[in-house]
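Participant: Below you'll find entry.tsv; it's TSV, C-alpha atoms.
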```tsv
chain	number	residue	atom	x	y	z
N	1	MET	CA	29.68	0.05	-2.53
N	2	ARG	CA	27.21	1.69	-0.18
N	3	HIS	CA	24.53	4.34	-0.32
N	4	PHE	CA	25.85	7.77	0.62
N	5	GLY	CA	29.33	6.28	0.27
N	6	HIS	CA	30.28	9.23	-1.92
N	7	ILE	CA	30.19	11.61	1.05
N	8	PRO	CA	33.01	11.63	3.64
N	9	SER	CA	32.74	9.24	6.58
N	10	THR	CA	32.70	12.15	9.05
N	11	ALA	CA	29.63	13.60	7.32
N	12	ARG	CA	27.89	10.22	7.35
N	13	ALA	CA	28.54	9.88	11.06
N	14	GLY	CA	26.72	13.18	11.64
N	15	LEU	CA	23.67	12.09	9.64
N	16	PHE	CA	23.06	8.48	10.54
N	17	HIS	CA	21.98	6.71	13.71
N	18	ARG	CA	22.94	3.57	11.79
N	19	GLU	CA	24.97	4.02	8.63
N	20	PRO	CA	24.10	2.25	5.36
N	21	ALA	CA	25.79	-1.14	5.10
N	22	SER	CA	28.26	-1.98	2.37
N	23	PHE	CA	27.30	-4.48	-0.33
N	24	THR	CA	28.77	-5.85	-3.53
N	25	ALA	CA	27.45	-7.21	-6.81
N	26	ASP	CA	27.81	-10.66	-5.23
N	27	SER	CA	25.61	-9.87	-2.22
N	28	PRO	CA	22.39	-11.87	-1.74
N	29	ALA	CA	19.62	-11.11	-4.22
N	30	GLY	CA	17.32	-9.86	-1.46
N	31	THR	CA	19.86	-7.25	-0.46
N	32	LEU	CA	20.51	-6.12	-4.03
N	33	ALA	CA	16.81	-5.82	-4.85
N	34	VAL	CA	16.35	-3.36	-1.98
N	35	ALA	CA	19.67	-1.60	-2.67
N	36	LEU	CA	18.94	-0.71	-6.32
N	37	GLY	CA	17.67	2.71	-5.29
N	38	ALA	CA	17.59	5.23	-8.11
N	39	THR	CA	18.50	3.19	-11.20
N	40	LEU	CA	19.96	5.61	-13.71
N	41	TYR	CA	19.38	4.85	-17.42
N	42	SER	CA	21.90	5.84	-20.09
N	43	PRO	CA	21.91	5.20	-23.86
N	44	ALA	CA	24.43	2.48	-24.75
N	45	THR	CA	25.72	4.61	-27.64
N	46	ARG	CA	27.36	7.31	-25.50
N	47	PRO	CA	30.97	7.56	-26.68
N	48	ARG	CA	32.36	8.18	-23.17
N	49	LEU	CA	30.06	5.76	-21.40
N	50	ALA	CA	32.78	4.33	-19.13
N	51	ASP	CA	33.63	7.84	-17.93
N	52	ASP	CA	29.93	8.51	-17.36
N	53	VAL	CA	29.63	5.36	-15.23
N	54	ARG	CA	32.62	6.31	-13.10
N	55	LYS	CA	31.38	9.88	-12.74
N	56	GLN	CA	27.91	8.81	-11.60
N	57	ALA	CA	29.34	6.23	-9.19
N	58	ALA	CA	31.40	8.99	-7.57
N	59	ARG	CA	28.13	10.93	-7.10
N	60	GLY	CA	26.31	8.14	-5.32
N	61	VAL	CA	24.71	6.08	-8.11
N	62	VAL	CA	24.73	2.37	-7.26
N	63	SER	CA	22.74	0.94	-10.18
N	64	MET	CA	22.68	1.82	-13.88
N	65	VAL	CA	20.97	0.49	-17.00
N	66	LEU	CA	22.83	0.81	-20.30
N	67	CYS	CA	20.05	0.90	-22.84
N	68	LEU	CA	19.91	-0.67	-26.29
N	69	GLU	CA	16.15	-0.33	-26.57
N	70	ASP	CA	13.88	2.74	-26.64
N	71	SER	CA	16.62	5.29	-25.87
N	72	ILE	CA	18.40	4.68	-29.18
N	73	SER	CA	17.22	4.41	-32.78
N	74	ASP	CA	16.86	1.09	-34.60
N	75	ALA	CA	19.77	2.03	-36.86
N	76	ASP	CA	22.13	2.47	-33.89
N	77	VAL	CA	21.69	-0.92	-32.21
N	78	GLU	CA	24.77	-2.57	-33.71
N	79	ASP	CA	26.92	0.44	-32.89
N	80	GLY	CA	25.52	0.43	-29.38
N	81	GLU	CA	26.44	-3.22	-28.88
N	82	ALA	CA	29.98	-2.63	-30.12
N	83	ASN	CA	30.28	0.44	-27.93
N	84	LEU	CA	29.24	-1.55	-24.85
N	85	VAL	CA	32.01	-4.08	-25.45
N	86	ARG	CA	34.58	-1.26	-25.74
N	87	GLN	CA	33.30	0.60	-22.71
N	88	PHE	CA	33.26	-2.50	-20.48
N	89	ALA	CA	36.88	-3.10	-21.46
N	90	ASP	CA	37.67	0.49	-20.48
N	91	LEU	CA	35.92	0.08	-17.13
N	92	ALA	CA	37.70	-3.19	-16.44
N	93	THR	CA	41.17	-1.70	-16.89
N	94	THR	CA	40.80	1.68	-15.19
N	95	THR	CA	38.35	1.28	-12.30
N	96	VAL	CA	39.76	2.36	-8.95
N	97	THR	CA	38.10	1.61	-5.63
N	98	ASP	CA	38.38	4.03	-2.71
N	99	ALA	CA	37.34	2.46	0.58
N	100	ASP	CA	35.98	5.68	2.05
N	101	THR	CA	34.23	7.20	-0.96
N	102	ALA	CA	32.97	3.92	-2.44
N	103	THR	CA	33.65	4.65	-6.11
N	104	ASP	CA	33.22	1.06	-7.24
N	105	VAL	CA	31.49	0.37	-10.53
N	106	PRO	CA	27.72	0.41	-9.89
N	107	LEU	CA	25.48	-2.57	-10.47
N	108	LEU	CA	25.36	-2.55	-14.28
N	109	PHE	CA	22.49	-3.91	-16.36
N	110	ILE	CA	22.00	-3.92	-20.13
N	111	ARG	CA	18.54	-3.31	-21.54
N	112	VAL	CA	18.21	-5.47	-24.62
N	113	ARG	CA	15.63	-5.75	-27.38
N	114	GLU	CA	15.79	-9.45	-28.22
N	115	PRO	CA	16.79	-12.63	-26.36
N	116	ARG	CA	19.70	-13.37	-28.74
N	117	GLN	CA	21.41	-10.17	-27.61
N	118	ILE	CA	21.87	-11.63	-24.13
N	119	THR	CA	23.98	-14.59	-25.18
N	120	ASP	CA	25.73	-12.64	-27.91
N	121	LEU	CA	26.76	-9.78	-25.62
N	122	VAL	CA	27.92	-12.09	-22.83
N	123	ASP	CA	30.14	-13.91	-25.34
N	124	ARG	CA	31.54	-10.65	-26.72
N	125	LEU	CA	32.17	-9.15	-23.27
N	126	GLY	CA	34.46	-12.04	-22.40
N	127	GLU	CA	36.25	-11.56	-19.09
N	128	THR	CA	34.67	-8.13	-18.56
N	129	VAL	CA	31.30	-9.81	-17.99
N	130	ARG	CA	32.37	-9.78	-14.32
N	131	LEU	CA	31.25	-6.13	-14.29
N	132	LEU	CA	27.75	-7.03	-15.47
N	133	SER	CA	24.92	-7.75	-13.01
N	134	GLY	CA	22.24	-8.65	-15.52
N	135	PHE	CA	19.76	-7.60	-18.17
N	136	VAL	CA	16.59	-5.53	-18.34
N	137	LEU	CA	13.90	-7.27	-20.37
N	138	PRO	CA	11.46	-4.96	-22.21
N	139	LYS	CA	7.70	-5.37	-22.75
N	140	PHE	CA	7.72	-8.48	-20.60
N	141	THR	CA	4.90	-11.02	-20.82
N	142	GLU	CA	4.82	-14.76	-20.24
N	143	SER	CA	5.29	-15.61	-23.93
N	144	ARG	CA	8.08	-13.08	-24.51
N	145	GLY	CA	9.65	-13.67	-21.12
N	146	HIS	CA	10.33	-17.37	-21.59
N	147	ALA	CA	12.81	-16.82	-24.41
N	148	PHE	CA	14.54	-13.98	-22.56
N	149	LEU	CA	14.92	-15.98	-19.36
N	150	GLU	CA	16.15	-19.08	-21.17
N	151	ALA	CA	18.78	-16.94	-22.92
N	152	LEU	CA	19.80	-15.57	-19.52
N	153	THR	CA	20.12	-19.09	-18.15
N	154	GLN	CA	22.32	-20.10	-21.07
N	155	ALA	CA	24.47	-16.97	-20.64
N	156	GLU	CA	24.98	-17.82	-16.98
N	157	ARG	CA	26.16	-21.31	-17.85
N	158	THR	CA	28.63	-20.18	-20.49
N	159	SER	CA	30.04	-17.25	-18.50
N	160	GLY	CA	30.05	-18.76	-15.03
N	161	ARG	CA	28.68	-15.41	-13.83
N	162	ARG	CA	25.48	-14.92	-11.79
N	163	LEU	CA	23.21	-12.75	-13.93
N	164	PHE	CA	19.89	-11.25	-12.93
N	165	ALA	CA	16.83	-10.28	-14.94
N	166	MET	CA	14.75	-7.15	-14.39
N	167	PRO	CA	11.59	-7.51	-16.49
N	168	VAL	CA	9.84	-4.30	-17.50
N	169	LEU	CA	6.06	-4.47	-17.22
N	170	GLU	CA	4.88	-2.13	-19.97
N	171	SER	CA	2.99	-4.14	-22.59
N	172	PRO	CA	-0.46	-3.12	-23.89
N	173	GLU	CA	-1.80	-6.52	-22.79
N	174	LEU	CA	-1.06	-5.53	-19.20
N	175	LEU	CA	-2.70	-2.14	-19.58
N	176	HIS	CA	-5.89	-3.19	-21.36
N	177	LEU	CA	-8.61	-4.26	-18.97
N	178	GLU	CA	-9.81	-7.27	-20.97
N	179	THR	CA	-6.34	-8.89	-21.01
N	180	ARG	CA	-4.82	-7.63	-17.76
N	181	ALA	CA	-5.76	-10.48	-15.43
N	182	GLU	CA	-4.56	-13.17	-17.85
N	183	THR	CA	-1.35	-11.26	-18.59
N	184	LEU	CA	-0.60	-10.73	-14.90
N	185	ALA	CA	-1.22	-14.40	-14.16
N	186	GLY	CA	1.17	-15.38	-16.95
N	187	ILE	CA	3.86	-13.00	-15.69
N	188	ALA	CA	3.44	-14.40	-12.17
N	189	ALA	CA	3.86	-17.94	-13.49
N	190	ILE	CA	7.00	-17.31	-15.56
N	191	THR	CA	8.72	-15.15	-12.93
N	192	ASP	CA	8.00	-17.74	-10.25
N	193	LYS	CA	9.54	-20.44	-12.46
N	194	TYR	CA	12.74	-18.38	-12.78
N	195	ARG	CA	12.49	-16.78	-9.33
N	196	ASP	CA	16.19	-17.10	-8.51
N	197	ARG	CA	17.08	-15.03	-11.57
N	198	VAL	CA	14.47	-12.24	-11.23
N	199	LEU	CA	15.95	-9.42	-9.15
N	200	ALA	CA	13.12	-6.90	-9.46
N	201	LEU	CA	10.18	-5.94	-11.65
N	202	ARG	CA	10.19	-2.49	-13.26
N	203	LEU	CA	7.14	-0.49	-14.37
N	204	GLY	CA	7.07	1.14	-17.80
N	205	VAL	CA	4.57	3.89	-17.10
N	206	THR	CA	5.59	5.95	-20.15
N	207	ASP	CA	4.46	3.08	-22.40
N	208	PHE	CA	1.20	2.81	-20.44
N	209	CYS	CA	0.48	6.49	-21.06
N	210	SER	CA	1.49	6.18	-24.71
N	211	ALA	CA	-1.22	3.61	-25.35
N	212	TYR	CA	-3.82	6.30	-24.63
N	213	GLY	CA	-1.95	9.36	-25.87
N	214	LEU	CA	-1.41	10.62	-22.32
N	215	ARG	CA	1.46	12.42	-20.64
N	216	ARG	CA	1.48	13.66	-17.06
N	217	SER	CA	2.54	17.23	-16.35
N	218	PRO	CA	5.26	18.19	-13.81
N	219	ASP	CA	2.49	18.87	-11.29
N	220	MET	CA	1.06	15.36	-11.54
N	221	THR	CA	2.31	12.01	-10.33
N	222	ALA	CA	1.71	8.65	-11.97
N	223	TYR	CA	-0.96	8.07	-9.34
N	224	ASP	CA	-2.98	11.06	-10.60
N	225	ILE	CA	-3.41	9.27	-13.95
N	226	LYS	CA	-6.10	6.83	-12.87
N	227	ILE	CA	-5.68	4.33	-15.68
N	228	VAL	CA	-1.98	4.05	-14.74
N	229	ALA	CA	-2.68	3.97	-11.01
N	230	HIS	CA	-5.04	1.03	-11.49
N	231	VAL	CA	-2.38	-0.98	-13.31
N	232	ILE	CA	0.21	-0.24	-10.62
N	233	ALA	CA	-2.26	-1.36	-7.97
N	234	ASP	CA	-2.96	-4.62	-9.81
N	235	VAL	CA	0.75	-5.32	-10.34
N	236	VAL	CA	1.49	-4.85	-6.65
N	237	ASN	CA	-1.61	-6.85	-5.72
N	238	LEU	CA	-0.39	-9.96	-7.52
N	239	LEU	CA	3.37	-9.53	-7.85
N	240	GLY	CA	4.38	-7.43	-4.85
N	241	ARG	CA	2.98	-9.47	-1.97
N	242	SER	CA	4.97	-9.79	1.27
N	243	ASP	CA	4.11	-13.47	1.80
N	244	GLY	CA	7.18	-14.79	-0.01
N	245	THR	CA	5.54	-15.00	-3.44
N	246	GLY	CA	6.17	-11.38	-4.41
N	247	PHE	CA	9.07	-9.42	-5.88
N	248	THR	CA	10.52	-5.96	-5.41
N	249	VAL	CA	8.58	-3.68	-7.78
N	250	THR	CA	10.33	-0.41	-8.62
N	251	GLY	CA	8.78	3.02	-9.13
N	252	PRO	CA	8.14	4.58	-12.55
N	253	VAL	CA	10.38	7.11	-14.27
N	254	TRP	CA	10.04	10.83	-13.59
N	255	GLU	CA	10.36	12.60	-16.94
N	256	TYR	CA	11.10	16.21	-15.96
N	257	PHE	CA	14.36	17.99	-15.16
N	258	ARG	CA	16.01	21.36	-15.57
N	259	PRO	CA	18.79	21.87	-18.13
N	260	GLY	CA	22.23	21.22	-16.69
N	261	GLU	CA	23.28	18.88	-13.95
N	262	ARG	CA	21.99	20.81	-10.93
N	263	MET	CA	18.38	21.72	-10.37
N	264	PHE	CA	19.12	23.70	-7.20
N	265	LYS	CA	19.55	27.40	-7.96
N	266	PRO	CA	20.26	30.42	-5.74
N	267	GLN	CA	16.62	31.52	-5.86
N	268	LEU	CA	15.38	28.67	-3.62
N	269	ARG	CA	11.93	28.76	-2.09
N	270	ARG	CA	9.91	26.58	0.26
N	271	SER	CA	8.37	23.50	-1.30
N	272	PRO	CA	4.57	23.28	-0.86
N	273	PHE	CA	4.98	19.50	-0.62
N	274	LEU	CA	7.18	19.83	2.46
N	275	GLU	CA	4.87	22.26	4.28
N	276	GLY	CA	3.63	20.74	7.50
N	277	ARG	CA	6.42	18.15	7.81
N	278	ALA	CA	7.86	19.25	11.14
N	279	GLU	CA	11.22	17.56	10.73
N	280	ASP	CA	11.96	19.48	7.53
N	281	LEU	CA	10.42	22.90	8.13
N	282	ARG	CA	13.70	24.22	9.53
N	283	THR	CA	15.48	24.02	6.18
N	284	ALA	CA	12.79	23.17	3.66
N	285	LEU	CA	14.11	25.42	0.89
N	286	ILE	CA	13.97	23.51	-2.32
N	287	GLU	CA	13.22	24.00	-5.98
N	288	HIS	CA	9.53	23.98	-6.81
N	289	ASP	CA	10.31	21.73	-9.77
N	290	LEU	CA	11.09	18.92	-7.33
N	291	ASP	CA	7.65	18.86	-5.75
N	292	GLY	CA	6.12	16.39	-8.22
N	293	LEU	CA	9.10	14.05	-8.00
N	294	LEU	CA	9.11	14.11	-4.18
N	295	ARG	CA	5.38	13.50	-4.04
N	296	GLU	CA	5.69	10.57	-6.43
N	297	ILE	CA	8.57	8.98	-4.48
N	298	GLU	CA	6.48	9.12	-1.31
N	299	LEU	CA	3.48	7.65	-3.12
N	300	ASP	CA	5.67	4.93	-4.62
N	301	ARG	CA	6.59	3.67	-1.18
N	302	ALA	CA	3.07	4.09	0.19
N	303	ASN	CA	1.83	1.89	-2.67
N	304	GLY	CA	4.40	-0.88	-2.18
N	305	LEU	CA	7.12	0.18	-4.65
N	306	LEU	CA	10.80	0.53	-3.81
N	307	GLY	CA	13.50	2.27	-5.85
N	308	LYS	CA	12.86	4.23	-9.03
N	309	THR	CA	13.79	4.38	-12.69
N	310	CYS	CA	15.70	7.63	-13.34
N	311	ILE	CA	16.69	9.29	-16.61
N	312	HIS	CA	18.57	12.25	-15.15
N	313	PRO	CA	21.33	12.41	-12.51
N	314	THR	CA	19.53	15.14	-10.54
N	315	HIS	CA	16.81	12.64	-9.59
N	316	VAL	CA	19.18	10.24	-7.85
N	317	VAL	CA	19.89	12.06	-4.58
N	318	PRO	CA	16.21	12.87	-3.85
N	319	VAL	CA	15.28	9.21	-4.37
N	320	HIS	CA	18.04	8.07	-2.02
N	321	ALA	CA	17.36	10.76	0.57
N	322	LEU	CA	13.71	9.72	0.80
N	323	SER	CA	14.72	6.05	1.01
N	324	VAL	CA	16.63	6.52	4.28
N	325	VAL	CA	14.66	5.12	7.22
N	326	SER	CA	13.73	7.78	9.75
N	327	HIS	CA	14.60	7.23	13.39
N	328	GLU	CA	10.88	7.05	14.15
N	329	GLU	CA	10.25	4.35	11.54
N	330	TRP	CA	13.23	2.37	12.81
N	331	SER	CA	12.08	2.67	16.42
N	332	ASP	CA	8.58	1.41	15.52
N	333	ALA	CA	9.96	-1.49	13.48
N	334	GLN	CA	12.32	-2.51	16.28
N	335	ASP	CA	9.49	-2.53	18.81
N	336	ILE	CA	7.18	-4.55	16.56
N	337	LEU	CA	9.83	-7.22	15.93
N	338	ARG	CA	10.99	-7.59	19.53
N	339	PRO	CA	11.24	-11.31	20.40
N	340	ASP	CA	8.89	-10.87	23.37
N	341	GLN	CA	6.17	-9.55	21.04
N	342	GLY	CA	5.78	-12.78	19.08
N	343	GLY	CA	2.31	-13.35	20.47
N	344	GLY	CA	0.91	-10.14	19.08
N	345	GLY	CA	-0.82	-7.27	20.83
N	346	VAL	CA	-0.80	-3.49	20.57
N	347	LEU	CA	2.03	-1.18	21.63
N	348	ARG	CA	2.19	2.57	22.03
N	349	SER	CA	5.03	3.85	19.86
N	350	ALA	CA	8.17	5.17	21.52
N	351	TYR	CA	7.32	8.51	19.89
N	352	THR	CA	3.89	8.32	21.64
N	353	ASN	CA	2.06	9.35	18.46
N	354	LYS	CA	0.64	6.10	17.08
N	355	MET	CA	-0.25	2.51	17.85
N	356	ASN	CA	1.92	-0.34	16.66
N	357	GLU	CA	-0.14	-3.48	16.20
N	358	VAL	CA	2.36	-6.33	16.26
N	359	LYS	CA	0.83	-8.89	13.90
N	360	PRO	CA	-0.62	-6.60	11.19
N	361	HIS	CA	2.48	-4.37	11.14
N	362	ARG	CA	5.06	-7.18	11.16
N	363	ALA	CA	5.52	-7.34	7.37
N	364	TRP	CA	5.93	-3.55	7.26
N	365	ALA	CA	8.51	-3.72	10.04
N	366	GLU	CA	10.51	-6.45	8.32
N	367	ARG	CA	10.51	-4.49	5.08
N	368	THR	CA	11.55	-1.33	6.92
N	369	LEU	CA	14.54	-3.02	8.54
N	370	LEU	CA	15.68	-4.36	5.15
N	371	ARG	CA	15.58	-0.80	3.83
N	372	ALA	CA	17.41	0.40	6.94
N	373	GLU	CA	20.21	-2.07	6.27
N	374	VAL	CA	21.07	-0.64	2.86
N	375	PHE	CA	19.95	3.01	3.18
N	376	GLY	CA	20.68	3.53	6.85
N	377	VAL	CA	18.72	5.06	9.74
N	378	ALA	CA	18.78	8.84	10.15
N	379	LYS	CA	19.52	10.44	13.49
N	380	GLU	CA	16.52	11.79	15.38
N	381	ASP	CA	17.10	15.39	14.34
N	382	VAL	CA	18.09	14.63	10.74
N	383	GLY	CA	15.46	15.10	8.05
N	384	PHE	CA	15.13	14.79	4.29
N	385	VAL	CA	16.65	18.18	3.50
N	386	ASP	CA	19.75	17.39	5.57
N	387	LEU	CA	20.23	14.15	3.65
N	388	LEU	CA	19.52	15.84	0.32
N	389	THR	CA	22.03	18.62	1.00
N	390	ALA	CA	24.73	16.19	2.11
N	391	GLY	CA	24.12	13.97	-0.90
N	392	LEU	CA	24.47	16.88	-3.31
N	393	ALA	CA	27.52	18.28	-1.55
N	394	GLY	CA	29.24	14.90	-1.75
```
Can you turn what I pasted into structure tokens?
Facilitator:
Amino acid sequence: MRHFGHIPSTARAGLFHREPASFTADSPAGTLAVALGATLYSPATRPRLADDVRKQAARGVVSMVLCLEDSISDADVEDGEANLVRQFADLATTTVTDADTATDVPLLFIRVREPRQITDLVDRLGETVRLLSGFVLPKFTESRGHAFLEALTQAERTSGRRLFAMPVLESPELLHLETRAETLAGIAAITDKYRDRVLALRLGVTDFCSAYGLRRSPDMTAYDIKIVAHVIADVVNLLGRSDGTGFTVTGPVWEYFRPGERMFKPQLRRSPFLEGRAEDLRTALIEHDLDGLLREIELDRANGLLGKTCIHPTHVVPVHALSVVSHEEWSDAQDILRPDQGGGGVLRSAYTNKMNEVKPHRAWAERTLLRAEVFGVAKEDVGFVDLLTAGLAG
């Protein structure tokens, strides 16, 4: 699979200075953590779930979470588990791979409620467990996480399949000021112990807001809710460091969408968010409803987050379009990491609009080139709207 693999190769060639690289579910963990992109959630009870997975893969989705937790009622859990077993069998017998359009099964994760579900589901999936990349672990803390991660370890042994964990950081202990530091330290300890199995950490901002009866409007990002912004900052501070101790931390869910599968209508108008961005002014005609999502994606990356939890297919292409590395970013990163710059110093950027300070900007440059590997590098004259339009057309 590859990002933007759902659009024809000729269209990709017109968009990218360097095209996104292909990867598989067996690629190195570091590659997969960056490649998650827009992770689309779906209730595990959907009767045509296998068809949904194939459909979304054909539209550019590369990671999905099949949810047995908050998205379904308590009474539907057993039916959801049984449905997953049936749907994995369907996927295993009818999946077709097209080399040019990259319609492989996405990276699939199951969001469970209890540790026992991990071992039970792996046993029930049988041979079709080869389609599973791992599990999403809800309300993750050190005490709860130990049992989940031990169950994952046992499931790996019995299945012979590499399985990853994606803990969701959403517990009240993490939100409340008096317990936050201790909770974060515990999460850091348990995730470090099982580092090889933790693919990424996910933020449960909806649960954070729920603890205080809050809900952000379509005009507000998670960063406008200060109590949430402070938690995100603390999570990145301890768990998102670039010194080798941190993990990929993904962006929070965006809750709003228009009815139907397309949010782009004939009555398009210029987005206030895109005003002033020279590379996009030429074609910056976009639904106003996207402004909050676009602003939040940009703020996610500015605050050290990568990828995003998505609950609607229309959010996927904007997340991926804004994840592509611009030619300017790539040029700066290349200059900073040149072998002859190992001693440090300051460089004028090739775009002659900023300074690149070799030592302080090195971690940013390394992270940028990892993103470039999986999302590609846009051509000089290609902007967000071009990528968005191509992604939707594909």
Participant: Taking into account all atoms listed in the file, which residue in the set N:Glu81, N:Glu182, N:Asp26, N:Glu296 is nearest to Phe164 in chain N?
Facilitator: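 When distances to Phe164 in chain N are compared using all atoms listed in the file, the smallest one comes from N:Asp26.
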Participant: From the set N:Gly14, N:Pro106, N:Gly307, N:Gly246, which residue has the shortest atom-to-atom contact distance to Asp386 in chain N, counting only C-alpha atoms?
Facilitator: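 The answer is N:Gly14, which sits nearest to Asp386 in chain N.
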Participant: What does the distance from CA of Lys193 in chain N to CA of Leu369 in chain N come to in Å, to one decimal?
Facilitator: 27.7 Å
Participant: Rounded to one decimal in Å, what is the spacing between CA of Glu173 in chain N and CA of Phe148 in chain N?
Facilitator: 18.0 Å
Participant: Which residue out of N:Arg2, N:Arg86, N:His327, N:Arg371 has the minimum interatomic distance to Ala57 in chain N when all atoms listed in the file are used?
Facilitator: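 The closest residue to Ala57 in chain N is N:Arg2.
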Participant: Applying 10 Å and only C-alpha atoms, which residues near His176 in chain N remain after dropping the ones on its own chain fewer than 3 positions away? List them as a ChimeraX atom specification.
Facilitator: /N:171-173,179-181,183,208,211,227,231
Participant: Dump C-alpha atoms for the selected residues as a compact mmCIF listing (two decimals), in the frame of the given file?
Facilitator:
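In the end it all went to out-v9.txt:
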```
# COMPACT_ATOMS: atom_id res chain seq x y z
CA SER N 171 2.99 -4.14 -22.59
CA PRO N 172 -0.46 -3.12 -23.89
CA GLU N 173 -1.80 -6.52 -22.79
CA THR N 179 -6.34 -8.89 -21.01
CA ARG N 180 -4.82 -7.63 -17.76
CA ALA N 181 -5.76 -10.48 -15.43
CA THR N 183 -1.35 -11.26 -18.59
CA PHE N 208 1.20 2.81 -20.44
CA ALA N 211 -1.22 3.61 -25.35
CA ILE N 227 -5.68 4.33 -15.68
CA VAL N 231 -2.38 -0.98 -13.31
```
Participant: Quick one: distance from CA of Asn237 in chain N to CA of Val249 in chain N in Å, one decimal?
Facilitator: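 That distance, rounded to one decimal, is 10.9 Å.
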Participant: Residues within 12 Å of Phe4 in chain N, please, as a ChimeraX atom specification. Count all atoms listed in the file; anything in the same chain fewer than 5 positions from it doesn't count.
Facilitator: /N:9-13,15-16,19-22,35,37,57-62,100-103,316-321,323-324,374-378,387-394
Participant: Have a look at N:Leu184, N:Val253, N:Ala50, N:Leu238 and name the one nearest to Leu203 in chain N; count only C-alpha atoms.
Facilitator: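 Of all the options, N:Val253 lies closest to Leu203 in chain N.
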Participant: Using all atoms listed in the file, which of the listed residues (N:Leu107, N:Ala185, N:Ala155, N:Leu121) sits closest to Met1 in chain N?
Facilitator: N:Leu107
Participant: Give me the residues near Glu329 in chain N as a list in words, where near means some atom within 12 Å (using all atoms listed in the file) and where sequence neighbours in that chain fewer than 6 positions away do not count.
Facilitator: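 Counting only the stated atoms, we get Ser323, Asp335, Ile336, Ser349, Ala350, Tyr351, Asn353, Lys354, Asn356, His361, Trp364, Ala365, Glu366, Arg367, Thr368, Leu369, Arg371, Ala372, Gly376, Val377, Ala378, Lys379 and Glu380 of chain N.
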Participant: Given the choices N:Gly186, N:Ala25, N:Gln87, N:Ala333, which gets closest to Leu163 in chain N if the distance is worked out from all atoms listed in the file?
Facilitator: N:Ala25
Participant: Give me, as a CSV table (one decimal) with C-alpha atoms, keeping the file's coordinate frame, all polymer residues having an atom no more than 10 Å from range 27-29 of chain N, counting all atoms listed in the file and skipping those fewer than 2 positions away in the same chain.
Facilitator:
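Written out: out_17.csv:
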```csv
chain,number,residue,atom,x,y,z
N,22,SER,CA,28.3,-2.0,2.4
N,23,PHE,CA,27.3,-4.5,-0.3
N,24,THR,CA,28.8,-5.8,-3.5
N,25,ALA,CA,27.4,-7.2,-6.8
N,31,THR,CA,19.9,-7.2,-0.5
N,32,LEU,CA,20.5,-6.1,-4.0
N,33,ALA,CA,16.8,-5.8,-4.8
N,34,VAL,CA,16.4,-3.4,-2.0
N,35,ALA,CA,19.7,-1.6,-2.7
N,164,PHE,CA,19.9,-11.2,-12.9
N,196,ASP,CA,16.2,-17.1,-8.5
N,197,ARG,CA,17.1,-15.0,-11.6
N,198,VAL,CA,14.5,-12.2,-11.2
N,199,LEU,CA,16.0,-9.4,-9.2
N,200,ALA,CA,13.1,-6.9,-9.5
```
Participant: If the box runs along x, y and z of the file and leaves 4 Å on each side of range 314-332 of chain N, what are its centre and edge lengths in Å, one decimal, as lines of an AutoDock Vina configuration file?
Facilitator:
```
center_x = 14.2
center_y = 8.3
center_z = 2.9
size_x = 19.3
size_y = 21.7
size_z = 35.0
```
Participant: List every residue of range 49-98 of chain N that has an atom at most 6 Å from any atom of range 42-45 of chain N, giving for each one its closest atom pair and the distance in Å to one decimal, counting only C-alpha atoms, sorted by chain and then by ascending residue number, as a Markdown table.
Facilitator:
```
| residue | atom | partner | partner_atom | distance |
| --- | --- | --- | --- | --- |
| N:Leu66 | CA | N:Ala44 | CA | 5.0 |
| N:Cys67 | CA | N:Pro43 | CA | 4.8 |
| N:Leu68 | CA | N:Ala44 | CA | 5.7 |
| N:Ser71 | CA | N:Pro43 | CA | 5.7 |
| N:Gly80 | CA | N:Thr45 | CA | 4.5 |
```
